[in-house]
file structure-v5.cif (mmCIF, C-alpha atoms)
data_model
#
loop_
_atom_site.label_atom_id
_atom_site.label_comp_id
_atom_site.auth_asym_id
_atom_site.auth_seq_id
_atom_site.Cartn_x
_atom_site.Cartn_y
_atom_site.Cartn_z
CA MET A 12 81.29 -41.08 45.51
CA HIS A 13 79.69 -39.07 48.32
CA LYS A 14 80.94 -39.59 51.83
CA PHE A 15 78.46 -41.23 54.14
CA GLU A 16 78.53 -38.35 56.61
CA SER A 17 77.10 -36.01 54.00
CA MET A 18 74.37 -38.51 53.25
CA VAL A 19 73.36 -38.75 56.91
CA LEU A 20 73.32 -34.96 57.35
CA ASP A 21 71.70 -34.04 54.03
CA SER A 22 68.45 -32.17 53.56
CA VAL A 23 66.38 -35.25 54.31
CA SER A 24 65.85 -35.29 58.07
CA ALA A 25 67.18 -38.10 60.24
CA ARG A 26 63.58 -38.92 61.14
CA GLU A 27 62.70 -39.56 57.48
CA ASN A 28 65.90 -41.53 56.91
CA TRP A 29 65.28 -43.78 59.90
CA PRO A 30 63.17 -46.49 58.14
CA ARG A 31 65.67 -46.83 55.28
CA ARG A 32 68.66 -47.07 57.62
CA THR A 33 67.05 -49.68 59.85
CA ALA A 34 65.79 -51.64 56.83
CA LEU A 35 69.30 -51.62 55.34
CA LEU A 36 70.80 -52.84 58.61
CA CYS A 37 68.19 -55.62 58.88
CA THR A 38 68.92 -56.72 55.32
CA PHE A 39 72.62 -56.97 56.09
CA ALA A 40 71.82 -58.93 59.26
CA ARG A 41 69.61 -61.48 57.52
CA GLU A 42 71.80 -61.97 54.48
CA LEU A 43 75.13 -62.19 56.30
CA HIS A 44 73.59 -64.77 58.62
CA ALA A 45 72.18 -66.72 55.67
CA ALA A 46 75.60 -66.73 53.98
CA GLY A 47 77.16 -68.47 56.98
CA THR A 48 78.81 -65.70 59.02
CA THR A 49 79.53 -66.75 62.61
CA ALA A 50 77.83 -64.90 65.47
CA PRO A 51 80.83 -62.84 66.73
CA ARG A 52 81.78 -61.70 63.24
CA LEU A 53 78.17 -60.92 62.34
CA GLU A 54 77.76 -58.77 65.44
CA ALA A 55 80.98 -56.89 64.71
CA ALA A 56 79.90 -56.24 61.13
CA LEU A 57 76.47 -54.93 62.14
CA LEU A 58 77.97 -52.64 64.78
CA GLY A 59 80.32 -51.16 62.16
CA ILE A 60 77.52 -50.62 59.65
CA ALA A 61 75.21 -49.13 62.28
CA SER A 62 77.88 -46.69 63.40
CA ARG A 63 78.39 -45.47 59.84
CA LEU A 64 74.62 -45.12 59.44
CA GLY A 65 74.52 -42.78 62.42
CA LEU A 66 72.99 -45.35 64.76
CA SER A 67 74.01 -46.45 68.22
CA ALA A 68 73.40 -50.22 68.35
CA GLN A 69 73.44 -53.20 70.65
CA VAL A 70 73.43 -56.47 68.68
CA TRP A 71 72.92 -60.07 69.75
CA SER A 72 73.11 -62.92 67.25
CA GLY A 73 72.35 -66.62 67.55
CA PRO A 74 71.74 -69.48 65.12
CA THR A 75 67.99 -68.78 64.98
CA LEU A 76 67.61 -65.19 66.20
CA ILE A 77 69.12 -61.73 65.70
CA LEU A 78 68.20 -58.99 68.16
CA MET A 79 69.14 -55.33 67.59
CA SER A 80 68.49 -52.34 69.85
CA LEU A 81 68.92 -49.06 67.93
CA ARG A 82 68.80 -45.31 68.51
CA GLU A 83 70.27 -42.19 66.95
CA THR A 84 73.91 -41.58 67.76
CA GLY A 85 74.45 -38.82 70.32
CA LEU A 86 71.18 -39.22 72.19
CA PRO A 87 71.43 -39.50 75.99
CA PRO A 88 71.49 -42.99 77.56
CA GLY A 89 67.86 -42.77 78.70
CA ALA A 90 66.48 -41.95 75.24
CA PRO A 91 63.91 -44.34 73.71
CA VAL A 92 65.30 -47.19 71.64
CA HIS A 93 63.96 -49.09 68.65
CA THR A 94 64.20 -52.88 68.78
CA GLU A 95 64.37 -55.21 65.79
CA LEU A 96 63.86 -58.94 66.39
CA LEU A 97 64.70 -61.06 63.34
CA ARG A 98 63.76 -64.74 63.25
CA VAL A 99 66.30 -66.54 61.09
CA GLU A 100 67.03 -70.15 60.22
CA PRO A 101 70.36 -71.98 60.46
CA ASN A 102 71.80 -72.13 56.96
CA GLY A 103 74.74 -73.58 55.14
CA ILE A 104 77.70 -71.57 53.89
CA ASN A 105 77.55 -69.62 50.65
CA LEU A 106 81.03 -68.25 50.00
CA GLY A 107 80.06 -66.50 46.78
CA ARG A 108 77.28 -64.47 48.37
CA LEU A 109 79.40 -63.85 51.47
CA SER A 110 82.13 -62.32 49.30
CA MET A 111 79.68 -59.95 47.61
CA LEU A 112 78.04 -58.95 50.89
CA ASP A 113 81.45 -58.44 52.45
CA ASP A 114 82.47 -56.03 49.70
CA ILE A 115 79.28 -53.99 50.12
CA ALA A 116 79.53 -53.92 53.93
CA GLU A 117 83.16 -52.79 53.80
CA ALA A 118 82.28 -50.02 51.35
CA VAL A 119 79.48 -48.80 53.64
CA ILE A 120 81.69 -48.93 56.74
CA ALA A 121 84.45 -47.02 54.92
CA GLY A 122 81.97 -44.30 53.93
CA GLN A 123 82.35 -45.02 50.22
CA MET A 124 78.73 -46.03 49.53
CA SER A 125 75.49 -44.18 50.19
CA ILE A 126 72.20 -45.75 51.24
CA ASP A 127 70.92 -45.65 47.66
CA ALA A 128 74.06 -47.29 46.30
CA ALA A 129 74.07 -49.90 49.08
CA GLU A 130 70.43 -50.80 48.44
CA GLN A 131 71.08 -51.21 44.72
CA ALA A 132 74.24 -53.24 45.32
CA LEU A 133 72.40 -55.56 47.73
CA GLU A 134 69.61 -56.05 45.23
CA ARG A 135 72.14 -57.13 42.61
CA ALA A 136 74.05 -59.37 45.04
CA LEU A 137 70.90 -61.16 46.17
CA GLN A 138 69.76 -62.09 42.69
CA PRO A 139 69.42 -65.90 42.63
CA LEU A 140 71.78 -67.88 40.44
CA SER A 141 70.37 -69.76 37.48
CA ARG A 142 68.62 -72.97 38.47
CA SER A 143 70.75 -74.98 36.06
CA TRP A 144 73.98 -73.78 37.72
CA ASN A 145 72.59 -74.51 41.18
CA LEU A 146 71.60 -77.98 39.97
CA ALA A 147 75.04 -78.60 38.49
CA GLN A 148 76.81 -77.48 41.68
CA THR A 149 74.81 -79.91 43.80
CA LEU A 150 74.89 -82.88 41.44
CA LEU A 151 78.65 -82.52 40.90
CA GLY A 152 79.60 -81.41 44.40
CA PHE A 153 78.00 -84.18 46.44
CA PRO A 154 79.45 -87.22 44.61
CA LEU A 155 82.80 -85.49 44.12
CA ALA A 156 83.06 -84.69 47.85
CA SER A 157 82.18 -88.26 48.81
CA ALA A 158 84.66 -89.76 46.36
CA SER A 159 87.37 -87.32 47.46
CA VAL A 160 86.97 -88.15 51.15
CA ALA A 161 87.03 -91.86 50.31
CA GLY A 162 90.27 -91.22 48.45
CA LEU A 163 91.70 -89.34 51.44
CA LEU A 164 90.95 -92.48 53.48
CA ARG A 165 92.84 -94.49 50.84
CA ALA A 166 89.76 -96.54 50.07
CA HIS A 167 89.69 -99.28 47.43
CA PRO A 168 88.49 -98.15 43.96
CA ASN A 169 85.25 -100.12 44.45
CA GLU A 170 84.63 -98.16 47.65
CA ILE A 171 85.37 -94.82 45.97
CA GLY A 172 82.87 -95.66 43.22
CA ALA A 173 80.24 -96.69 45.75
CA SER A 174 80.80 -93.51 47.78
CA ALA A 175 80.36 -91.35 44.67
CA ALA A 176 77.16 -93.15 43.66
CA ILE A 177 75.61 -92.81 47.11
CA GLY A 178 76.80 -89.20 47.34
CA LEU A 179 74.90 -88.49 44.11
CA LEU A 180 71.78 -90.05 45.63
CA ILE A 181 72.08 -87.80 48.69
CA GLY A 182 72.59 -84.80 46.41
CA LEU A 183 69.28 -85.62 44.72
CA LEU A 184 67.62 -85.82 48.13
CA ALA A 185 69.10 -82.42 49.03
CA LEU A 186 67.67 -80.92 45.85
CA ALA A 187 64.26 -82.43 46.57
CA SER A 188 64.37 -81.04 50.12
CA GLU A 189 64.56 -77.50 48.71
CA ARG A 190 61.04 -77.93 47.31
CA HIS A 191 59.61 -80.09 50.10
CA PRO A 192 60.18 -78.54 53.55
CA ARG A 193 59.15 -81.69 55.43
CA LEU A 194 61.82 -83.66 53.64
CA GLY A 195 64.32 -80.93 54.52
CA GLN A 196 63.44 -81.21 58.21
CA ASN A 197 64.22 -84.94 58.14
CA LEU A 198 66.98 -84.94 55.54
CA SER A 199 69.70 -86.25 57.89
CA VAL A 200 67.70 -89.33 58.94
CA ILE A 201 66.45 -90.13 55.44
CA ALA A 202 69.86 -89.58 53.82
CA ALA A 203 71.62 -91.81 56.37
CA PHE A 204 68.98 -94.51 55.91
CA CYS A 205 69.35 -94.42 52.12
CA ALA A 206 73.16 -94.35 52.36
CA ALA A 207 73.28 -97.42 54.60
CA LEU A 208 70.77 -99.29 52.44
CA GLY A 209 72.61 -98.28 49.26
CA ALA A 210 76.03 -99.31 50.61
CA ALA A 211 74.64 -102.69 51.67
CA ALA A 212 73.00 -103.25 48.28
CA TYR A 213 76.24 -102.30 46.50
CA ALA A 214 78.23 -104.74 48.64
CA GLN A 215 75.67 -107.51 48.08
CA TRP A 216 75.04 -107.15 44.37
CA VAL A 217 77.86 -105.14 42.76
CA ALA A 218 81.25 -105.59 44.44
CA PRO A 219 82.62 -106.34 47.92
CA ILE A 220 83.26 -103.21 49.95
CA ALA A 221 83.94 -102.28 53.57
CA PHE A 222 80.54 -101.00 54.68
CA LYS A 223 81.60 -98.18 57.01
CA VAL A 224 84.45 -97.08 54.74
CA VAL A 225 81.73 -96.26 52.20
CA LEU A 226 79.07 -95.02 54.60
CA ILE A 227 81.12 -92.22 56.21
CA PRO A 228 82.38 -90.58 52.97
CA SER A 229 78.86 -90.85 51.53
CA LEU A 230 77.48 -88.79 54.41
CA ILE A 231 80.44 -86.43 54.77
CA VAL A 232 78.57 -83.40 53.42
CA LEU A 233 75.91 -83.77 56.12
CA MET A 234 78.34 -84.41 58.98
CA PRO A 235 78.21 -81.52 61.50
CA GLY A 236 81.92 -81.50 62.29
CA LEU A 237 82.33 -77.89 61.18
CA THR A 238 79.30 -76.90 63.24
CA LEU A 239 80.75 -78.56 66.34
CA THR A 240 84.12 -76.87 65.85
CA VAL A 241 82.58 -73.42 65.34
CA ALA A 242 80.37 -73.99 68.39
CA VAL A 243 83.32 -74.77 70.65
CA ALA A 244 85.23 -71.79 69.22
CA GLU A 245 82.27 -69.51 69.99
CA LEU A 246 82.14 -70.87 73.52
CA GLY A 247 85.86 -70.14 73.82
CA MET A 248 85.14 -66.53 72.78
CA ARG A 249 82.50 -66.39 75.56
CA HIS A 250 79.64 -66.25 73.07
CA LEU A 251 77.85 -68.76 75.28
CA VAL A 252 74.28 -68.78 74.00
CA SER A 253 75.15 -69.07 70.31
CA GLY A 254 77.89 -71.63 70.98
CA SER A 255 75.62 -73.77 73.17
CA ALA A 256 72.77 -73.66 70.65
CA ARG A 257 75.09 -74.51 67.77
CA LEU A 258 76.64 -77.37 69.77
CA ALA A 259 73.22 -78.79 70.60
CA GLY A 260 72.17 -78.56 66.95
CA GLY A 261 75.29 -80.39 65.82
CA MET A 262 74.74 -83.18 68.34
CA VAL A 263 71.12 -83.60 67.21
CA THR A 264 72.31 -83.92 63.61
CA LEU A 265 74.80 -86.60 64.68
CA LEU A 266 72.02 -88.48 66.46
CA GLU A 267 69.82 -88.29 63.36
CA LEU A 268 72.59 -89.56 61.10
CA ALA A 269 73.52 -92.40 63.44
CA PHE A 270 69.92 -93.52 63.89
CA GLY A 271 69.21 -93.32 60.16
CA ALA A 272 72.30 -95.42 59.41
CA LEU A 273 71.30 -97.99 62.01
CA ALA A 274 67.77 -98.22 60.59
CA GLY A 275 69.17 -98.55 57.06
CA THR A 276 71.54 -101.32 58.15
CA LYS A 277 68.71 -103.28 59.80
CA ALA A 278 66.54 -102.82 56.73
CA ALA A 279 69.39 -104.10 54.53
CA GLU A 280 69.75 -107.22 56.68
CA LEU A 281 66.04 -107.94 56.23
CA LEU A 282 65.68 -107.01 52.57
CA VAL A 283 68.93 -108.08 50.91
CA GLY A 284 70.40 -110.42 53.50
CA PHE A 285 73.34 -108.10 54.03
CA SER A 286 76.30 -109.10 56.20
CA GLU A 287 79.53 -107.15 56.50
CA VAL A 288 82.55 -108.48 54.62
CA PRO A 289 86.26 -107.70 55.09
CA SER A 290 87.67 -104.69 53.29
CA PRO A 291 88.97 -105.45 49.79
CA GLY A 292 92.16 -103.57 50.69
CA VAL A 293 93.50 -100.03 50.74
CA GLY A 294 94.61 -97.79 47.93
CA PRO A 295 98.19 -96.65 47.35
CA SER A 296 99.76 -94.03 49.61
CA TRP A 297 99.78 -91.41 46.85
CA LEU A 298 96.01 -91.62 46.44
CA ALA A 299 95.27 -89.19 49.29
CA TRP A 300 97.46 -86.54 47.68
CA ALA A 301 96.03 -87.14 44.22
CA VAL A 302 92.45 -86.42 45.29
CA ILE A 303 93.21 -83.05 46.94
CA PRO A 304 92.42 -81.04 43.75
CA PHE A 305 89.11 -82.91 43.42
CA ALA A 306 88.32 -82.18 47.08
CA GLY A 307 89.01 -78.48 46.44
CA LEU A 308 86.67 -78.52 43.43
CA ALA A 309 83.98 -80.31 45.45
CA PHE A 310 84.14 -77.77 48.28
CA SER A 311 84.12 -74.89 45.79
CA LEU A 312 80.88 -76.22 44.35
CA LEU A 313 79.21 -77.17 47.63
CA PHE A 314 80.05 -73.88 49.34
CA ARG A 315 78.96 -71.94 46.25
CA ALA A 316 82.26 -70.10 45.84
CA ARG A 317 82.61 -67.85 42.80
CA PRO A 318 84.78 -69.40 40.06
CA SER A 319 87.27 -66.55 40.51
CA ASP A 320 87.73 -67.67 44.14
CA TRP A 321 88.19 -71.38 43.47
CA VAL A 322 91.97 -71.05 43.57
CA TYR A 323 91.77 -69.95 47.22
CA VAL A 324 89.68 -73.00 48.09
CA PHE A 325 92.27 -75.25 46.41
CA ILE A 326 95.11 -73.57 48.32
CA ALA A 327 93.28 -73.91 51.65
CA SER A 328 92.45 -77.58 51.06
CA ALA A 329 96.04 -78.45 50.14
CA ALA A 330 97.53 -76.47 53.05
CA ALA A 331 95.16 -77.97 55.63
CA PHE A 332 95.69 -81.54 54.48
CA SER A 333 99.47 -81.13 54.30
CA ALA A 334 99.60 -79.62 57.80
CA SER A 335 97.37 -82.37 59.18
CA HIS A 336 99.38 -85.14 57.50
CA TYR A 337 102.81 -84.00 58.61
CA GLY A 338 101.61 -82.68 61.98
CA THR A 339 100.04 -86.03 62.82
CA HIS A 340 103.21 -87.83 61.75
CA TRP A 341 105.45 -85.64 63.92
CA ALA A 342 103.29 -84.84 66.95
CA GLY A 343 100.34 -87.25 66.99
CA PRO A 344 96.72 -86.75 65.88
CA GLU A 345 95.65 -84.27 68.55
CA MET A 346 98.61 -81.91 68.20
CA GLY A 347 98.48 -82.41 64.44
CA LEU A 348 94.93 -81.05 64.42
CA PHE A 349 95.96 -78.18 66.69
CA PHE A 350 98.80 -77.07 64.41
CA SER A 351 96.62 -77.52 61.33
CA ALA A 352 93.85 -75.33 62.77
CA LEU A 353 96.44 -72.76 63.84
CA LEU A 354 97.83 -72.64 60.30
CA VAL A 355 94.35 -72.31 58.79
CA ALA A 356 93.49 -69.46 61.18
CA LEU A 357 96.73 -67.60 60.45
CA LEU A 358 96.38 -68.02 56.68
CA SER A 359 92.73 -66.94 56.60
CA ASN A 360 93.32 -63.94 58.87
CA ALA A 361 96.37 -62.84 56.87
CA PHE A 362 94.31 -63.22 53.69
CA ALA A 363 91.55 -61.03 55.17
CA ARG A 364 93.94 -58.51 56.70
CA TYR A 365 96.32 -57.89 53.81
CA LEU A 366 94.25 -58.75 50.71
CA ASN A 367 90.99 -57.27 52.01
CA ARG A 368 88.98 -60.39 51.19
CA PRO A 369 86.75 -62.61 53.38
CA GLY A 370 88.89 -64.96 55.44
CA ALA A 371 86.13 -67.58 55.20
CA LEU A 372 87.32 -68.33 51.65
CA LEU A 373 90.31 -70.08 53.22
CA ARG A 374 89.03 -70.92 56.69
CA VAL A 375 85.94 -72.93 55.73
CA PRO A 376 87.46 -75.29 53.12
CA GLY A 377 90.57 -75.65 55.28
CA LEU A 378 88.60 -76.69 58.35
CA ILE A 379 86.26 -79.02 56.50
CA LEU A 380 89.18 -81.40 55.90
CA LEU A 381 90.07 -81.36 59.60
CA VAL A 382 86.74 -81.49 61.43
CA PRO A 383 86.03 -84.76 63.22
CA GLY A 384 82.35 -85.23 62.46
CA SER A 385 82.95 -88.80 61.34
CA VAL A 386 84.39 -89.63 64.78
CA GLY A 387 81.20 -88.49 66.48
CA PHE A 388 79.16 -90.48 63.96
CA ARG A 389 81.17 -93.62 64.71
CA SER A 390 80.78 -93.03 68.45
CA LEU A 391 76.99 -92.93 68.27
CA SER A 392 76.94 -95.85 65.84
CA PHE A 393 78.85 -97.98 68.34
CA ILE A 394 76.48 -96.96 71.14
CA PHE A 395 73.39 -97.78 69.06
CA GLU A 396 74.97 -101.16 68.34
CA LYS A 397 75.37 -101.60 72.14
CA ASP A 398 79.16 -101.54 71.96
CA VAL A 399 79.34 -98.94 74.70
CA TYR A 400 83.08 -99.19 75.37
CA LEU A 401 84.05 -98.40 71.78
CA GLY A 402 81.36 -95.72 71.66
CA LEU A 403 82.70 -93.92 74.73
CA ASP A 404 86.26 -94.24 73.46
CA ALA A 405 85.28 -92.63 70.15
CA ALA A 406 83.29 -89.95 72.00
CA PHE A 407 86.33 -89.06 74.09
CA SER A 408 88.41 -88.85 70.91
CA LEU A 409 85.80 -86.49 69.45
CA VAL A 410 85.99 -84.18 72.48
CA VAL A 411 89.80 -84.07 72.32
CA MET A 412 89.80 -83.40 68.56
CA VAL A 413 87.22 -80.63 68.73
CA ALA A 414 89.12 -79.03 71.62
CA SER A 415 92.37 -79.20 69.63
CA LEU A 416 90.77 -77.55 66.61
CA ALA A 417 89.09 -74.83 68.67
CA ALA A 418 92.33 -74.10 70.54
CA GLY A 419 94.22 -73.75 67.27
CA LEU A 420 91.59 -71.36 65.88
CA LEU A 421 91.49 -69.23 69.03
CA LEU A 422 95.28 -69.00 69.23
CA GLY A 423 95.52 -68.09 65.56
CA ASN A 424 92.91 -65.34 65.99
CA SER A 425 94.87 -63.99 68.96
CA LEU A 426 98.25 -64.03 67.19
CA LEU A 427 96.93 -62.41 64.00
CA PRO A 428 93.50 -60.77 64.24
CA ALA A 429 91.69 -60.58 60.94
CA ARG A 430 90.64 -56.94 61.43
CA ARG A 431 87.89 -57.77 58.98
CA LEU A 432 84.35 -57.48 60.27
CA THR A 433 82.38 -59.83 58.07
CA ALA A 434 84.96 -62.50 57.21
#
call {"tool": "encode", "arguments": {"input": "structure-v5.cif", "output": "structure tokens"}}
result
Amino acid sequence: MHKFESMVLDSVSARENWPRRTALLCTFARELHAAGTTAPRLEAALLGIASRLGLSAQVWSGPTLILMSLRETGLPPGAPVHTELLRVEPNGINLGRLSMLDDIAEAVIAGQMSIDAAEQALERALQPLSRSWNLAQTLLGFPLASASVAGLLRAHPNEIGASAAIGLLIGLLALASERHPRLGQNLSVIAAFCAALGAAAYAQWVAPIAFKVVLIPSLIVLMPGLTLTVAVAELGMRHLVSGSARLAGGMVTLLELAFGALAGTKAAELLVGFSEVPSPGVGPSWLAWAVIPFAGLAFSLLFRARPSDWVYVFIASAAAFSASHYGTHWAGPEMGLFFSALLVALLSNAFARYLNRPGALLRVPGLILLVPGSVGFRSLSFIFEKDVYLGLDAAFSLVVMVASLAAGLLLGNSLLPARRLTA
């Protein structure tokens, strides 16, 4: 394998190589962003790649925009620069694609891959998966995630079944939104409306259930708890624009979910004569532990992890839940979240540092079991129902929980830096 320096200084002039180098850097920028890389890590990765490509770069990344200012390395400060402005869209997390992109980026940064090889590797990595596998991941992941979260809440079997059924309905809506952009723009409102109406119909016609015990697990995949936590962490790292934009986006999603649920509840009262009934009871204490493997499988499917990486998702899910359970028992909910986030950060950074793999494989599934999106949802639900005191109390709890999680992540990153650029 030729060293990258020889590629940059070969017979082809730097002027002729310029379009290919900038195009390669833009491809990395778009695809790493689409795979779910956070702004600070994306910027660090692009700076490393640009340096190896013989470019001096300034990079700024946000949820909807990537801005790069480029020039040849070694030119004086006043030399003309080339600017690339990339309009991007906020996307979910794709751990499988992130792993492949991470491998290619690391090979380029280490000088082990030429431009030709990198272009070919990216083309292979960006090949879409079969539609049938994508369909199976969504239709299995959504109901499994909803049922697993209901089990973690020790819900009654009737409530677990209802959560799974409504989760499947939301999965179908998510699939439809991929083909119909307007539905995708309003997915949160429509999904929350359908979930509330479905939970009310299930309680009225199938079996008695606690309405909100079903509603929250049903919507768990759409809850922006992870977005809020990442936003506060970015603010803590002084990445103010990206963190503020991400925080605002998460709050808008919460508002959409809460309003959709309220509209669905009112529609249920008019259409099926729904009225809330007492909970049929709670499941056994061992139920929360029993569903951890199913939660790991659900997150592996939803985050599109490669089957070879599923074991890491299982480990992260089990470690995060165990730390949260025992930490809450010993130190209270806030400190329990802090120690859990600290453990997740240390594990993911050690994984990235010593095994040379993306730390997101552990960090994302670990955090998803800790993030307090449901608390924010309950807060807005109370406020829409004009129970302002309970709404403000839940909102304060949300702020404290998000701060605890962000503090744990920041401390973990300080104690053990990942040293990985794209993880």
call {"tool": "residues_around", "arguments": {"input": "structure-v5.cif", "residues": "stretch 27-32 of chain A", "least_positions_apart": "4", "cutoff": "9 Å", "atoms": "only C-alpha atoms", "output": "list in words"}}
result
Val19, Val23, Leu36, Cys37, Ala61, Leu64, Gly65, Leu66, Glu83 and Ile126 of chain A
call {"tool": "resolve_selection", "arguments": {"input": "structure-v5.cif", "expression": "the PyMOL selection byres ((chain A and resi 70) around 7)", "output": "VMD selection string"}}
result
chain A and resid 54 68 to 69 71 to 72 78 to 80
call {"tool": "closest_atom_pairs", "arguments": {"input": "structure-v5.cif", "of": "stretch 162-219 of chain A", "to": "stretch 262-286 of chain A", "cutoff": "10 Å", "atoms": "only C-alpha atoms", "output": "JSON lines"}}
result
{"residue": "A:Asn197", "atom": "CA", "partner": "A:Glu267", "partner_atom": "CA", "distance": 8.4}
{"residue": "A:Leu198", "atom": "CA", "partner": "A:Glu267", "partner_atom": "CA", "distance": 9.0}
{"residue": "A:Ser199", "atom": "CA", "partner": "A:Leu268", "partner_atom": "CA", "distance": 5.4}
{"residue": "A:Val200", "atom": "CA", "partner": "A:Gly271", "partner_atom": "CA", "distance": 4.4}
{"residue": "A:Ile201", "atom": "CA", "partner": "A:Gly271", "partner_atom": "CA", "distance": 6.3}
{"residue": "A:Ala202", "atom": "CA", "partner": "A:Gly271", "partner_atom": "CA", "distance": 7.4}
{"residue": "A:Ala203", "atom": "CA", "partner": "A:Gly271", "partner_atom": "CA", "distance": 4.7}
{"residue": "A:Phe204", "atom": "CA", "partner": "A:Gly275", "partner_atom": "CA", "distance": 4.2}
{"residue": "A:Cys205", "atom": "CA", "partner": "A:Gly275", "partner_atom": "CA", "distance": 6.4}
{"residue": "A:Ala206", "atom": "CA", "partner": "A:Ala272", "partner_atom": "CA", "distance": 7.2}
{"residue": "A:Ala207", "atom": "CA", "partner": "A:Gly275", "partner_atom": "CA", "distance": 4.9}
{"residue": "A:Leu208", "atom": "CA", "partner": "A:Gly275", "partner_atom": "CA", "distance": 4.9}
{"residue": "A:Gly209", "atom": "CA", "partner": "A:Ala279", "partner_atom": "CA", "distance": 8.5}
{"residue": "A:Ala210", "atom": "CA", "partner": "A:Thr276", "partner_atom": "CA", "distance": 9.0}
{"residue": "A:Ala211", "atom": "CA", "partner": "A:Phe285", "partner_atom": "CA", "distance": 6.0}
{"residue": "A:Ala212", "atom": "CA", "partner": "A:Val283", "partner_atom": "CA", "distance": 6.8}
{"residue": "A:Tyr213", "atom": "CA", "partner": "A:Phe285", "partner_atom": "CA", "distance": 9.9}
{"residue": "A:Ala214", "atom": "CA", "partner": "A:Phe285", "partner_atom": "CA", "distance": 8.0}
{"residue": "A:Gln215", "atom": "CA", "partner": "A:Phe285", "partner_atom": "CA", "distance": 6.4}
{"residue": "A:Trp216", "atom": "CA", "partner": "A:Val283", "partner_atom": "CA", "distance": 9.0}
call {"tool": "closest_residue", "arguments": {"input": "structure-v5.cif", "among": "A:Leu112, A:Leu427, A:Ala218, A:Leu372", "to": "A:Pro168", "atoms": "all atoms listed in the file"}}
result
A:Ala218
call {"tool": "residues_around", "arguments": {"input": "structure-v5.cif", "residues": "A:Leu421", "least_positions_apart": "2", "cutoff": "12 Å", "atoms": "all atoms listed in the file", "output": "MDAnalysis selection string"}}
result
chainID A and resid 240:241 243:249 349:350 352:357 360 414:419 423:429
